[in-house]
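Here's protein38.txt, which has compact mmCIF, C-alpha atoms:
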# COMPACT_ATOMS: atom_id res chain seq x y z
CA MET E 8 24.24 -107.46 -0.70
CA SER E 9 22.41 -104.87 -2.79
CA THR E 10 20.11 -104.23 0.18
CA VAL E 11 23.16 -103.46 2.31
CA VAL E 12 24.26 -100.91 -0.28
CA ALA E 13 20.75 -99.41 -0.38
CA VAL E 14 20.73 -98.88 3.38
CA ASN E 15 24.27 -97.56 3.51
CA ARG E 16 23.48 -95.01 0.76
CA LYS E 17 20.20 -94.10 2.50
CA TRP E 18 18.05 -95.14 -0.46
CA ILE E 19 15.90 -97.14 1.98
CA GLY E 20 15.61 -97.21 5.77
CA ARG E 21 17.36 -99.78 7.91
CA ASP E 22 14.03 -100.90 9.39
CA THR E 23 12.54 -101.37 5.90
CA ALA E 24 15.54 -103.45 4.86
CA ILE E 25 15.57 -105.72 7.89
CA ARG E 26 11.86 -106.46 7.46
CA ARG E 27 12.49 -107.50 3.85
CA LEU E 28 15.49 -109.63 4.83
CA ILE E 29 13.53 -111.35 7.58
CA LYS E 30 10.82 -112.14 5.04
CA ILE E 31 13.50 -113.72 2.83
CA VAL E 32 15.06 -115.90 5.53
CA ASP E 33 11.69 -116.92 7.00
CA PHE E 34 10.73 -118.11 3.52
CA LEU E 35 14.02 -119.93 2.98
CA ILE E 36 14.04 -121.62 6.38
CA LYS E 37 10.81 -123.41 5.36
CA ALA E 38 11.64 -123.91 1.67
CA ASP E 39 12.93 -127.12 0.13
CA CYS E 40 16.58 -127.79 0.79
CA TYR E 41 18.69 -130.93 0.86
CA HIS E 42 21.20 -131.39 3.65
CA GLY E 43 20.98 -127.61 4.01
CA ILE E 44 21.72 -126.94 0.32
CA TYR E 45 19.09 -125.19 -1.82
CA PRO E 46 17.90 -125.96 -5.36
CA HIS E 47 18.72 -123.81 -8.39
CA PHE E 48 15.06 -122.82 -8.91
CA MET E 49 12.18 -122.80 -6.47
CA ASN E 50 8.57 -121.69 -6.51
CA GLY E 51 8.39 -118.18 -5.09
CA LYS E 52 5.14 -118.86 -3.27
CA SER E 53 5.49 -122.40 -1.98
CA GLY E 54 9.27 -122.78 -1.70
CA LYS E 55 9.03 -126.08 -3.58
CA THR E 56 11.83 -127.13 -5.92
CA ILE E 57 11.40 -126.45 -9.62
CA ALA E 58 13.50 -128.98 -11.53
CA PHE E 59 16.22 -127.54 -13.75
CA ASP E 60 15.97 -130.64 -15.91
CA ARG E 61 14.94 -134.29 -15.61
CA ILE E 62 17.64 -135.31 -13.16
CA ASP E 63 18.61 -131.90 -11.74
CA ASP E 64 15.78 -131.65 -9.24
CA GLY E 65 17.59 -131.19 -5.96
CA ALA E 66 20.49 -129.38 -4.33
CA ASP E 67 22.72 -126.91 -6.18
CA ILE E 68 25.87 -126.24 -4.20
CA VAL E 69 27.11 -123.34 -6.37
CA GLU E 70 23.91 -121.27 -6.24
CA THR E 71 23.72 -121.94 -2.50
CA SER E 72 27.24 -120.56 -2.04
CA TYR E 73 26.10 -117.27 -3.65
CA LEU E 74 23.10 -117.23 -1.34
CA MET E 75 25.28 -117.75 1.72
CA MET E 76 27.76 -115.08 0.63
CA GLY E 77 24.90 -112.59 0.51
CA LEU E 78 23.29 -113.68 3.76
CA LEU E 79 26.56 -113.69 5.70
CA THR E 80 27.40 -110.23 4.38
CA ALA E 81 23.98 -108.94 5.43
CA LYS E 82 24.40 -110.59 8.84
CA ALA E 83 27.72 -108.78 9.28
CA TYR E 84 26.09 -105.45 8.40
CA PHE E 85 22.86 -105.87 10.36
CA ASN E 86 24.75 -106.65 13.54
CA GLY E 87 22.70 -104.52 15.93
CA SER E 88 21.00 -105.54 19.15
CA THR E 89 17.39 -104.80 18.18
CA LEU E 90 14.99 -107.72 18.33
CA GLN E 91 14.62 -107.77 14.55
CA GLU E 92 18.36 -107.73 13.82
CA ARG E 93 19.10 -110.40 16.41
CA TYR E 94 16.32 -112.54 14.92
CA PHE E 95 17.82 -112.13 11.44
CA GLN E 96 21.30 -112.99 12.70
CA LYS E 97 20.00 -116.16 14.33
CA ARG E 98 18.14 -117.28 11.21
CA VAL E 99 21.20 -116.81 8.99
CA GLN E 100 23.40 -118.64 11.49
CA GLN E 101 20.97 -121.57 11.51
CA MET E 102 21.17 -121.86 7.72
CA TRP E 103 24.94 -121.42 7.72
CA GLU E 104 25.49 -124.16 10.30
CA ALA E 105 23.06 -126.57 8.62
CA ALA E 106 24.51 -126.43 5.10
CA ASP E 107 26.41 -129.69 4.53
CA TRP E 108 28.97 -128.86 1.83
CA ASN E 109 30.89 -132.06 2.47
CA TRP E 110 27.88 -134.12 1.43
CA HIS E 111 28.63 -133.00 -2.14
CA SER E 112 31.98 -134.78 -2.07
CA LYS E 113 30.39 -138.27 -1.81
CA GLY E 114 32.46 -138.72 1.32
CA GLU E 115 35.71 -138.64 -0.65
CA ASN E 116 38.48 -136.12 -1.26
CA LYS E 117 38.42 -136.43 -5.05
CA HIS E 118 35.69 -134.14 -6.39
CA LEU E 119 33.07 -131.67 -5.25
CA TYR E 120 29.82 -132.25 -7.10
CA TRP E 121 27.50 -129.46 -8.21
CA HIS E 122 24.18 -131.33 -7.78
CA TRP E 123 22.53 -133.91 -5.54
CA SER E 124 18.95 -135.11 -5.68
CA PRO E 125 16.95 -137.34 -3.33
CA ASN E 126 15.43 -138.88 -6.46
CA ASN E 127 18.54 -139.13 -8.63
CA ASP E 128 21.42 -139.08 -6.13
CA PHE E 129 24.63 -137.83 -7.86
CA ASN E 130 23.50 -138.99 -11.30
CA MET E 131 24.13 -135.54 -12.79
CA ASN E 132 27.80 -136.41 -12.17
CA PHE E 133 28.85 -132.80 -12.76
CA ASP E 134 31.85 -131.86 -10.66
CA VAL E 135 32.79 -128.32 -9.72
CA PHE E 136 36.17 -128.03 -11.41
CA GLY E 137 38.61 -125.50 -12.78
CA TYR E 138 38.58 -121.74 -12.47
CA ASP E 139 35.20 -120.13 -13.06
CA GLU E 140 32.34 -118.56 -11.11
CA ALA E 141 32.56 -121.28 -8.46
CA LEU E 142 35.72 -120.19 -6.64
CA ILE E 143 33.41 -118.76 -3.96
CA THR E 144 31.86 -122.23 -3.62
CA TYR E 145 35.18 -123.70 -2.52
CA ILE E 146 35.86 -120.80 -0.15
CA ILE E 147 32.39 -120.97 1.41
CA SER E 148 32.59 -124.77 1.61
CA ALA E 149 35.95 -124.61 3.38
CA ALA E 150 34.72 -121.87 5.72
CA SER E 151 31.74 -123.85 7.06
CA PRO E 152 31.92 -124.18 10.85
CA ASN E 153 30.35 -127.67 10.87
CA HIS E 154 30.74 -129.18 7.41
CA GLY E 155 33.90 -127.70 5.92
CA ILE E 156 35.67 -129.36 3.01
CA SER E 157 39.40 -130.08 3.12
CA LYS E 158 42.16 -128.37 1.20
CA THR E 159 42.93 -131.75 -0.39
CA LEU E 160 39.45 -131.81 -1.91
CA TYR E 161 39.92 -128.27 -3.27
CA GLU E 162 43.29 -129.19 -4.77
CA ASN E 163 42.04 -132.42 -6.33
CA SER E 164 38.77 -131.07 -7.66
CA CYS E 165 39.82 -127.59 -8.77
CA VAL E 166 43.53 -126.82 -8.90
CA LYS E 167 44.56 -130.10 -10.52
CA SER E 168 41.82 -129.99 -13.16
CA GLU E 169 42.48 -129.01 -16.76
CA GLY E 170 40.24 -125.96 -16.51
CA TRP E 171 42.20 -124.21 -13.76
CA LYS E 172 45.42 -122.82 -15.24
CA ASN E 173 45.77 -120.73 -18.37
CA GLY E 174 49.12 -118.91 -18.41
CA LYS E 175 48.76 -117.53 -21.94
CA THR E 176 49.03 -113.92 -23.04
CA TYR E 177 46.28 -112.26 -25.08
CA TYR E 178 46.52 -108.69 -26.35
CA ASN E 179 49.67 -108.32 -24.20
CA TYR E 180 47.78 -109.29 -21.03
CA LEU E 181 48.73 -112.45 -19.12
CA LEU E 182 45.75 -114.58 -18.06
CA PRO E 183 46.90 -116.72 -15.08
CA LEU E 184 43.74 -118.84 -14.72
CA ASP E 185 40.70 -119.93 -16.78
CA GLY E 186 40.83 -122.68 -19.40
CA TYR E 187 38.95 -120.72 -22.08
CA ASP E 188 40.74 -119.16 -25.05
CA LYS E 189 40.87 -115.40 -24.29
CA GLY E 190 38.98 -116.10 -21.08
CA GLY E 191 35.45 -117.24 -20.36
CA PRO E 192 32.41 -115.07 -19.56
CA LEU E 193 33.20 -112.07 -17.36
CA PHE E 194 30.97 -113.30 -14.54
CA PHE E 195 33.93 -115.53 -13.65
CA GLU E 196 35.52 -112.35 -12.26
CA GLN E 197 32.41 -110.95 -10.65
CA TYR E 198 30.30 -113.41 -8.67
CA THR E 199 33.05 -114.60 -6.33
CA TYR E 200 34.50 -111.12 -5.96
CA MET E 201 31.35 -109.43 -4.77
CA GLY E 202 32.50 -110.64 -1.35
CA ILE E 203 36.12 -111.69 -1.89
CA ASN E 204 38.50 -108.75 -2.36
CA PRO E 205 41.04 -109.78 -5.04
CA ASN E 206 43.37 -106.90 -4.20
CA GLY E 207 46.30 -108.30 -2.27
CA LEU E 208 44.88 -111.81 -2.55
CA LYS E 209 47.35 -114.54 -3.47
CA ASP E 210 47.48 -118.28 -2.99
CA ASP E 211 50.19 -120.82 -2.33
CA HIS E 212 50.38 -121.56 -6.06
CA GLY E 213 51.62 -118.03 -6.72
CA ILE E 214 48.41 -116.74 -8.32
CA ASP E 215 47.79 -113.00 -7.99
CA TYR E 216 44.01 -112.56 -8.05
CA ALA E 217 44.15 -108.80 -8.61
CA LEU E 218 46.05 -109.51 -11.82
CA GLN E 219 43.64 -112.30 -12.77
CA THR E 220 40.49 -110.22 -12.38
CA LYS E 221 41.88 -107.13 -14.09
CA ASN E 222 43.56 -108.89 -17.02
CA HIS E 223 40.57 -111.09 -17.81
CA THR E 224 38.48 -107.91 -18.00
CA LEU E 225 41.04 -106.11 -20.19
CA ILE E 226 41.27 -109.10 -22.53
CA ASN E 227 37.48 -109.20 -22.88
CA ARG E 228 37.42 -105.48 -23.72
CA ALA E 229 40.36 -105.77 -26.14
CA TYR E 230 38.58 -108.60 -27.95
CA CYS E 231 35.47 -106.42 -28.37
CA ILE E 232 37.63 -103.59 -29.72
CA GLU E 233 39.27 -105.97 -32.20
CA ASN E 234 35.77 -107.23 -33.05
CA PRO E 235 36.89 -110.06 -35.37
CA LYS E 236 33.30 -110.86 -36.40
CA ASN E 237 32.51 -107.23 -37.23
CA PHE E 238 29.44 -106.91 -35.04
CA LYS E 239 27.75 -103.52 -35.07
CA GLY E 240 28.36 -101.29 -32.07
CA TYR E 241 31.39 -103.05 -30.56
CA GLY E 242 34.23 -100.77 -29.54
CA ALA E 243 36.15 -99.05 -26.77
CA ASN E 244 32.94 -97.71 -25.25
CA CYS E 245 30.75 -100.76 -25.94
CA TRP E 246 32.16 -104.00 -24.62
CA GLY E 247 31.47 -106.84 -22.22
CA LEU E 248 30.77 -110.48 -23.00
CA THR E 249 29.18 -112.55 -20.26
CA ALA E 250 26.20 -114.79 -19.57
CA GLY E 251 22.75 -113.34 -20.08
CA ASP E 252 19.71 -113.07 -22.29
CA SER E 253 20.16 -112.89 -26.04
CA TYR E 254 18.06 -113.22 -29.17
CA LYS E 255 18.95 -116.93 -28.90
CA GLY E 256 17.87 -117.28 -25.26
CA TYR E 257 20.21 -117.42 -22.30
CA VAL E 258 23.82 -117.78 -23.48
CA ALA E 259 27.20 -117.66 -21.71
CA HIS E 260 28.81 -115.19 -24.12
CA CYS E 261 32.59 -114.94 -24.29
CA PRO E 262 35.24 -114.54 -27.03
CA SER E 263 34.93 -118.21 -27.98
CA ASP E 264 31.11 -117.91 -28.13
CA ASP E 265 30.50 -114.39 -29.41
CA ARG E 266 27.07 -113.78 -30.95
CA GLY E 267 27.09 -110.00 -31.13
CA VAL E 268 25.37 -109.52 -27.76
CA ILE E 269 26.62 -107.10 -25.12
CA GLN E 270 25.54 -107.50 -21.50
CA PRO E 271 25.76 -104.16 -19.64
CA THR E 272 26.52 -106.00 -16.40
CA ALA E 273 29.84 -107.20 -17.85
CA ALA E 274 31.47 -103.76 -18.09
CA LEU E 275 29.59 -102.17 -15.18
CA SER E 276 30.35 -104.96 -12.69
CA SER E 277 34.03 -104.54 -13.66
CA PHE E 278 34.31 -101.07 -12.07
CA PRO E 279 36.81 -102.22 -9.40
CA TYR E 280 39.18 -103.52 -12.11
CA THR E 281 38.75 -101.05 -14.99
CA PRO E 282 37.06 -97.92 -13.61
CA GLU E 283 37.96 -95.63 -16.50
CA TYR E 284 36.83 -98.10 -19.16
CA SER E 285 33.72 -99.10 -17.20
CA MET E 286 32.72 -95.44 -16.87
CA GLN E 287 33.27 -95.01 -20.61
CA ALA E 288 30.84 -97.88 -21.24
CA LEU E 289 28.35 -96.59 -18.66
CA LYS E 290 28.17 -93.18 -20.33
CA HIS E 291 27.72 -94.76 -23.76
CA PHE E 292 25.00 -97.11 -22.54
CA TYR E 293 23.12 -94.31 -20.80
CA TYR E 294 23.62 -91.26 -23.02
CA ASP E 295 24.01 -92.80 -26.48
CA LEU E 296 21.81 -95.90 -26.37
CA GLY E 297 19.50 -94.38 -23.79
CA PRO E 298 15.87 -95.52 -23.92
CA LYS E 299 16.74 -98.53 -26.07
CA ILE E 300 18.30 -100.22 -23.05
CA TRP E 301 17.47 -98.01 -20.03
CA GLY E 302 14.26 -98.55 -18.07
CA PRO E 303 12.75 -98.33 -14.59
CA TYR E 304 14.88 -101.24 -13.32
CA GLY E 305 18.14 -100.04 -14.84
CA PHE E 306 19.80 -101.34 -17.97
CA ALA E 307 18.25 -104.13 -20.01
CA ASP E 308 19.96 -107.47 -19.56
CA GLY E 309 21.47 -107.51 -23.05
CA PHE E 310 21.35 -106.03 -26.52
CA SER E 311 22.59 -106.67 -30.04
CA GLU E 312 22.80 -103.75 -32.46
CA THR E 313 23.64 -106.19 -35.26
CA HIS E 314 20.31 -107.97 -34.77
CA ASN E 315 18.43 -104.85 -33.64
CA TRP E 316 17.52 -106.76 -30.50
CA TYR E 317 17.12 -105.22 -27.04
CA ALA E 318 16.16 -107.38 -24.08
CA LYS E 319 12.97 -106.70 -22.18
CA THR E 320 14.34 -108.56 -19.18
CA HIS E 321 16.23 -107.52 -16.05
CA LEU E 322 17.97 -110.45 -14.32
CA ALA E 323 18.74 -110.05 -10.63
CA ILE E 324 21.94 -112.07 -10.97
CA ASP E 325 23.14 -109.43 -13.46
CA GLN E 326 21.61 -106.31 -11.87
CA GLY E 327 22.84 -107.16 -8.37
CA PRO E 328 26.55 -107.32 -9.22
CA ILE E 329 26.35 -103.87 -10.86
CA ILE E 330 25.22 -102.34 -7.55
CA VAL E 331 27.61 -104.37 -5.42
CA MET E 332 30.70 -103.92 -7.56
CA ILE E 333 30.22 -100.17 -8.03
CA GLU E 334 30.03 -99.91 -4.24
CA ASN E 335 33.14 -102.05 -3.84
CA TYR E 336 34.92 -99.72 -6.26
CA ARG E 337 33.76 -96.64 -4.34
CA THR E 338 34.18 -97.78 -0.72
CA GLY E 339 35.00 -101.50 -0.56
CA LEU E 340 32.00 -101.90 1.76
CA LEU E 341 30.97 -105.45 0.83
CA TRP E 342 34.58 -106.61 0.72
CA LYS E 343 35.19 -105.29 4.23
CA LEU E 344 32.07 -106.94 5.61
CA PHE E 345 32.57 -110.36 4.03
CA MET E 346 36.34 -110.60 4.36
CA GLY E 347 36.02 -109.60 8.02
CA ILE E 348 33.92 -112.65 8.93
CA PRO E 349 36.07 -115.04 11.05
CA ASP E 350 34.69 -118.16 9.32
CA ILE E 351 35.60 -116.73 5.91
CA GLN E 352 39.08 -115.84 7.10
CA ASN E 353 39.46 -119.43 8.30
CA GLY E 354 38.23 -120.80 4.97
CA LEU E 355 40.67 -118.69 2.96
CA LYS E 356 43.56 -119.70 5.20
CA LYS E 357 42.58 -123.38 5.01
CA LEU E 358 42.73 -123.31 1.20
CA GLY E 359 46.11 -121.57 1.12
CA PHE E 360 44.98 -118.03 0.36
CA ASP E 361 46.77 -115.05 1.82
CA TYR E 362 45.65 -111.44 1.62
CA LYS E 363 47.19 -108.18 2.79
Would you encode the structure as structure tokens?
Amino acid sequence: MSTVVAVNRKWIGRDTAIRRLIKIVDFLIKADCYHGIYPHFMNGKSGKTIAFDRIDDGADIVETSYLMMGLLTAKAYFNGSTLQERYFQKRVQQMWEAADWNWHSKGENKHLYWHWSPNNDFNMNFDVFGYDEALITYIISAASPNHGISKTLYENSCVKSEGWKNGKTYYNYLLPLDGYDKGGPLFFEQYTYMGINPNGLKDDHGIDYALQTKNHTLINRAYCIENPKNFKGYGANCWGLTAGDSYKGYVAHCPSDDRGVIQPTAALSSFPYTPEYSMQALKHFYYDLGPKIWGPYGFADGFSETHNWYAKTHLAIDQGPIIVMIENYRTGLLWKLFMGIPDIQNGLKKLGFDYK
């Protein structure tokens, strides 16, 4: 999706981009996958699975849904008739048609399971439930042309789970969904919505997703302004708790797990919801903190002024949403491409979503 932005903004040529994308899909088409679903980690040279832990050594349905969102968006953009673009379109379609999302339901309509392994079957026993970063997984799974899940499975596994509804008000902002106190990490409102436009999106349970995405972001910022743990640097121009690197390793930061670490991606990937406040944070990060967190690949993944810690890492899953969501704020480009795909429209309709 970032490559689409790069071409559209003329940072790179279309021919350069399509060559890179073909390299990606040619690698993936030969890499390990399980019933068309890819692992969380794989070796970048061989394509072989790298186990996440002892029994998580196979398919990861959530990460694969992100992959497919990106590939389908790129396929919609690179829709020309050149040999290279037609080749890319065919490769993506092959992967899209092969992915068996229903396999992760164990053949039932009760739960959708995150992991499956040829060595350990469903022993991880970790279902995709509640409202979090995996809403796109349900939408993609329902949209599949060959292996689509049912609405009943979505309702049973997600909507009826304890982690779906919230309904409480924090800092005068209503949070419709998300079982966390004051909301979970902000990536809940970013990964799905790189492709899914929340504006005008509602479901048959009466949820307004524009309100959900905006209010979760405003609550997260308001918490940082309140700063109940008195961490250094927090304030109106320095906010954003989400998953990323910290002085304690990778942590899913949020108000209920606040360790004094700000992830720049949290505020910057919120541009479509809080443009004024996101710009305020952007200017502070760039002009005030400057070389402490700015480098050749953009902003560092995280920082903590309290602990005088500044990450040396740049994570693609955090950098990418910054590019994509700023573009969605400016032009809605990725939203238009992804939401315009007939299969995605069918998936949204199947699950009871309506958008205007």
Query raised in the report: Hey, what's within 12 Å of Pro349 (chain E) if we count only C-alpha atoms and toss same-chain stuff fewer than 2 positions away? As a list of chain:residue names, please?
Result: E:Leu79, E:Thr80, E:Ala83, E:Ile147, E:Ala150, E:Ser151, E:Pro152, E:Lys343, E:Leu344, E:Phe345, E:Met346, E:Gly347, E:Ile351, E:Gln352, E:Asn353, E:Gly354, E:Leu355, E:Lys356
Do you have, as a tab-separated table, the list of residues of region 169-253 of chain E lying at most 10 Å from region 277-301 of chain E, each with its nearest atom pair and that distance in Å to one decimal, counting all atoms listed in the file and ordered by chain then number?
residue	atom	partner	partner_atom	distance
E:Leu193	CA	E:Ser277	CA	8.4
E:Phe194	CA	E:Ser277	CA	9.3
E:Glu196	CA	E:Ser277	CA	8.1
E:Gln197	CA	E:Ser277	CA	7.3
E:Tyr200	CA	E:Pro279	CA	9.8
E:Asn204	CA	E:Pro279	CA	9.7
E:Pro205	CA	E:Tyr280	CA	9.6
E:Asn206	CA	E:Tyr280	CA	9.6
E:Ala217	CA	E:Tyr280	CA	8.1
E:Leu218	CA	E:Tyr280	CA	9.1
E:Gln219	CA	E:Tyr280	CA	9.9
E:Thr220	CA	E:Tyr280	CA	6.8
E:Lys221	CA	E:Tyr280	CA	4.9
E:Asn222	CA	E:Tyr280	CA	8.5
E:His223	CA	E:Tyr280	CA	9.6
E:Thr224	CA	E:Ser277	CA	7.1
E:Leu225	CA	E:Thr281	CA	7.6
E:Arg228	CA	E:Tyr284	CA	8.7
E:Gly242	CA	E:Ala288	CA	9.4
E:Ala243	CA	E:Tyr284	CA	7.7
E:Asn244	CA	E:Ala288	CA	4.5
E:Cys245	CA	E:Ala288	CA	5.5
E:Trp246	CA	E:Ala288	CA	7.1
E:Gly247	CA	E:Ala288	CA	9.0
Query raised in the report: Quick one, how far is CA of Tyr177 (chain E) from CA of Glu233 (chain E)?
Result: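 Those two atoms sit 11.8 Å apart.
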Report summary line: Among E:Trp108, E:Tyr257, E:Phe85, E:Trp171, His42 (chain E) is approached most closely, using all atoms listed in the file, by E:Trp108
Per-residue nearest contacts region 99-156 of chain E to region 23-39 of chain E, cut-off 9 Å, using all atoms listed in the file, as JSON lines:
{"residue": "E:Val99", "atom": "CA", "partner": "E:Val32", "partner_atom": "CA", "distance": 7.1}
{"residue": "E:Gln101", "atom": "CA", "partner": "E:Ile36", "partner_atom": "CA", "distance": 8.6}
{"residue": "E:Met102", "atom": "CA", "partner": "E:Ile36", "partner_atom": "CA", "distance": 7.3}
Query raised in the report: Expressed in Å to a single decimal, how great is the separation between CA of Val11 (chain E) and CA of Ile203 (chain E)?
Result: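 Interatomic distance, CA of Val11 (chain E) to CA of Ile203 (chain E): 15.9 Å.
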Query raised in the report: Between CA of Ile269 (chain E) and CA of Phe310 (chain E), what is the distance, to one decimal in Å?
Result: 5.6 Å
Around region 162-181 of chain E, with edges along x, y and z and 5 Å added on all six sides, what centre and edge lengths do you get, in Å to one decimal, as AutoDock Vina command-line options?
--center_x 44.2 --center_y -120.4 --center_z -15.6 --size_x 20.9 --size_y 34.1 --size_z 31.6
Report task. Between E:Tyr198, E:Tyr84, E:Tyr138, E:Trp103, single out the one closest to His154 (chain E), counting only C-alpha atoms. Result -> E:Trp103
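Restricting the calculation to all atoms listed in the file, the smallest distance between Phe129 (chain E) and any of E:Thr89, E:Thr272, E:Ser311, E:Ser112 is found for E:Ser112.
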Query raised in the report: Which of these residues is nearest to Ser124 (chain E), using all atoms listed in the file: E:Thr56, E:Thr71, E:Thr199, E:Asn109?
Result: E:Thr56
**Report entry** Proximity to Asn127 (chain E) - best of E:Ile214, E:Ala66, E:Ile324, E:Cys40, all atoms listed in the file
**Finding:**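 The closest residue to Asn127 (chain E) is E:Ala66.
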Report task. Write out as a list in words which residues come within 9 Å of Ser164 (chain E) when counting all atoms listed in the file, dropping same-chain ones fewer than 2 positions away. Result ->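 Surrounding residues, per the criterion: Asn116, Lys117, His118, Leu119, Asp134, Val135, Phe136, Gly137, Thr159, Leu160, Tyr161, Glu162, Val166, Lys167 and Ser168 of chain E.
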Would you mind exporting C-alpha atoms of the selected residues as a PDB file, keeping the file's coordinate frame?
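What landed in out22.pdb:
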ATOM      1  CA  ASN E 116      38.480-136.120  -1.260  1.00  0.00           C
ATOM      2  CA  LYS E 117      38.420-136.430  -5.050  1.00  0.00           C
ATOM      3  CA  HIS E 118      35.690-134.140  -6.390  1.00  0.00           C
ATOM      4  CA  LEU E 119      33.070-131.670  -5.250  1.00  0.00           C
ATOM      5  CA  ASP E 134      31.850-131.860 -10.660  1.00  0.00           C
ATOM      6  CA  VAL E 135      32.790-128.320  -9.720  1.00  0.00           C
ATOM      7  CA  PHE E 136      36.170-128.030 -11.410  1.00  0.00           C
ATOM      8  CA  GLY E 137      38.610-125.500 -12.780  1.00  0.00           C
ATOM      9  CA  THR E 159      42.930-131.750  -0.390  1.00  0.00           C
ATOM     10  CA  LEU E 160      39.450-131.810  -1.910  1.00  0.00           C
ATOM     11  CA  TYR E 161      39.920-128.270  -3.270  1.00  0.00           C
ATOM     12  CA  GLU E 162      43.290-129.190  -4.770  1.00  0.00           C
ATOM     13  CA  VAL E 166      43.530-126.820  -8.900  1.00  0.00           C
ATOM     14  CA  LYS E 167      44.560-130.100 -10.520  1.00  0.00           C
ATOM     15  CA  SER E 168      41.820-129.990 -13.160  1.00  0.00           C
TER      16      SER E 168
END
**Report entry** Protein/DNA/RNA residues near (26.9, -101.7, -2.5), cut 7 Å, only C-alpha atoms, as a PyMOL selection string
**Finding:** chain E and resi 8-9+11-13+330-335+340-341
Query - Residue nearest Ala250 (chain E) - candidates E:Asp325, E:Asp350, E:Glu169, E:Asp63, atoms counted: all atoms listed in the file - result: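 Once distances to Ala250 (chain E) are computed over all atoms listed in the file, the minimum belongs to E:Asp325.
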Query raised in the report: Excluding same-chain residues fewer than 4 positions from Gln270 (chain E), what lies within 7 Å of it counting only C-alpha atoms, as a list of chain:residue names?
Result: E:Gly247, E:Leu248, E:Thr249, E:Gly251, E:Asp308, E:Gly309, E:Phe310
Put those residues in a file: C-alpha atoms, as a PDB file, in the frame of the given file.
ATOM      1  CA  GLY E 247      31.470-106.840 -22.220  1.00  0.00           C
ATOM      2  CA  LEU E 248      30.770-110.480 -23.000  1.00  0.00           C
ATOM      3  CA  THR E 249      29.180-112.550 -20.260  1.00  0.00           C
ATOM      4  CA  GLY E 251      22.750-113.340 -20.080  1.00  0.00           C
ATOM      5  CA  ASP E 308      19.960-107.470 -19.560  1.00  0.00           C
ATOM      6  CA  GLY E 309      21.470-107.510 -23.050  1.00  0.00           C
ATOM      7  CA  PHE E 310      21.350-106.030 -26.520  1.00  0.00           C
TER       8      PHE E 310
END
Written-out region 280-289 of chain E (N, CA, C and O atoms) as an mmCIF file, in the first residue's frame:
data_model
loop_
_atom_site.group_PDB
_atom_site.id
_atom_site.type_symbol
_atom_site.label_atom_id
_atom_site.label_comp_id
_atom_site.auth_asym_id
_atom_site.auth_seq_id
_atom_site.Cartn_x
_atom_site.Cartn_y
_atom_site.Cartn_z
ATOM 1 N N TYR E 280 -8.397 10.855 11.541
ATOM 2 C CA TYR E 280 -9.342 11.043 12.637
ATOM 3 C C TYR E 280 -9.100 12.354 13.382
ATOM 4 O O TYR E 280 -10.049 13.027 13.779
ATOM 5 N N THR E 281 -7.840 12.700 13.582
ATOM 6 C CA THR E 281 -7.488 13.874 14.399
ATOM 7 C C THR E 281 -6.407 14.684 13.685
ATOM 8 O O THR E 281 -5.274 14.799 14.182
ATOM 9 N N PRO E 282 -6.695 15.239 12.520
ATOM 10 C CA PRO E 282 -5.639 15.895 11.736
ATOM 11 C C PRO E 282 -4.927 17.034 12.461
ATOM 12 O O PRO E 282 -3.694 17.145 12.375
ATOM 13 N N GLU E 283 -5.668 17.853 13.180
ATOM 14 C CA GLU E 283 -5.044 18.982 13.871
ATOM 15 C C GLU E 283 -4.102 18.493 14.969
ATOM 16 O O GLU E 283 -2.963 18.968 15.101
ATOM 17 N N TYR E 284 -4.556 17.514 15.746
ATOM 18 C CA TYR E 284 -3.745 17.002 16.846
ATOM 19 C C TYR E 284 -2.576 16.155 16.333
ATOM 20 O O TYR E 284 -1.494 16.146 16.937
ATOM 21 N N SER E 285 -2.795 15.443 15.243
ATOM 22 C CA SER E 285 -1.715 14.644 14.654
ATOM 23 C C SER E 285 -0.628 15.549 14.084
ATOM 24 O O SER E 285 0.573 15.256 14.208
ATOM 25 N N MET E 286 -1.031 16.657 13.466
ATOM 26 C CA MET E 286 -0.053 17.618 12.951
ATOM 27 C C MET E 286 0.730 18.264 14.094
ATOM 28 O O MET E 286 1.940 18.501 13.991
ATOM 29 N N GLN E 287 0.047 18.531 15.182
ATOM 30 C CA GLN E 287 0.700 19.088 16.376
ATOM 31 C C GLN E 287 1.802 18.139 16.856
ATOM 32 O O GLN E 287 2.926 18.570 17.171
ATOM 33 N N ALA E 288 1.484 16.856 16.909
ATOM 34 C CA ALA E 288 2.472 15.854 17.323
ATOM 35 C C ALA E 288 3.603 15.746 16.309
ATOM 36 O O ALA E 288 4.784 15.658 16.686
ATOM 37 N N LEU E 289 3.257 15.741 15.032
ATOM 38 C CA LEU E 289 4.268 15.636 13.972
ATOM 39 C C LEU E 289 5.300 16.757 14.083
ATOM 40 O O LEU E 289 6.517 16.525 14.014
#
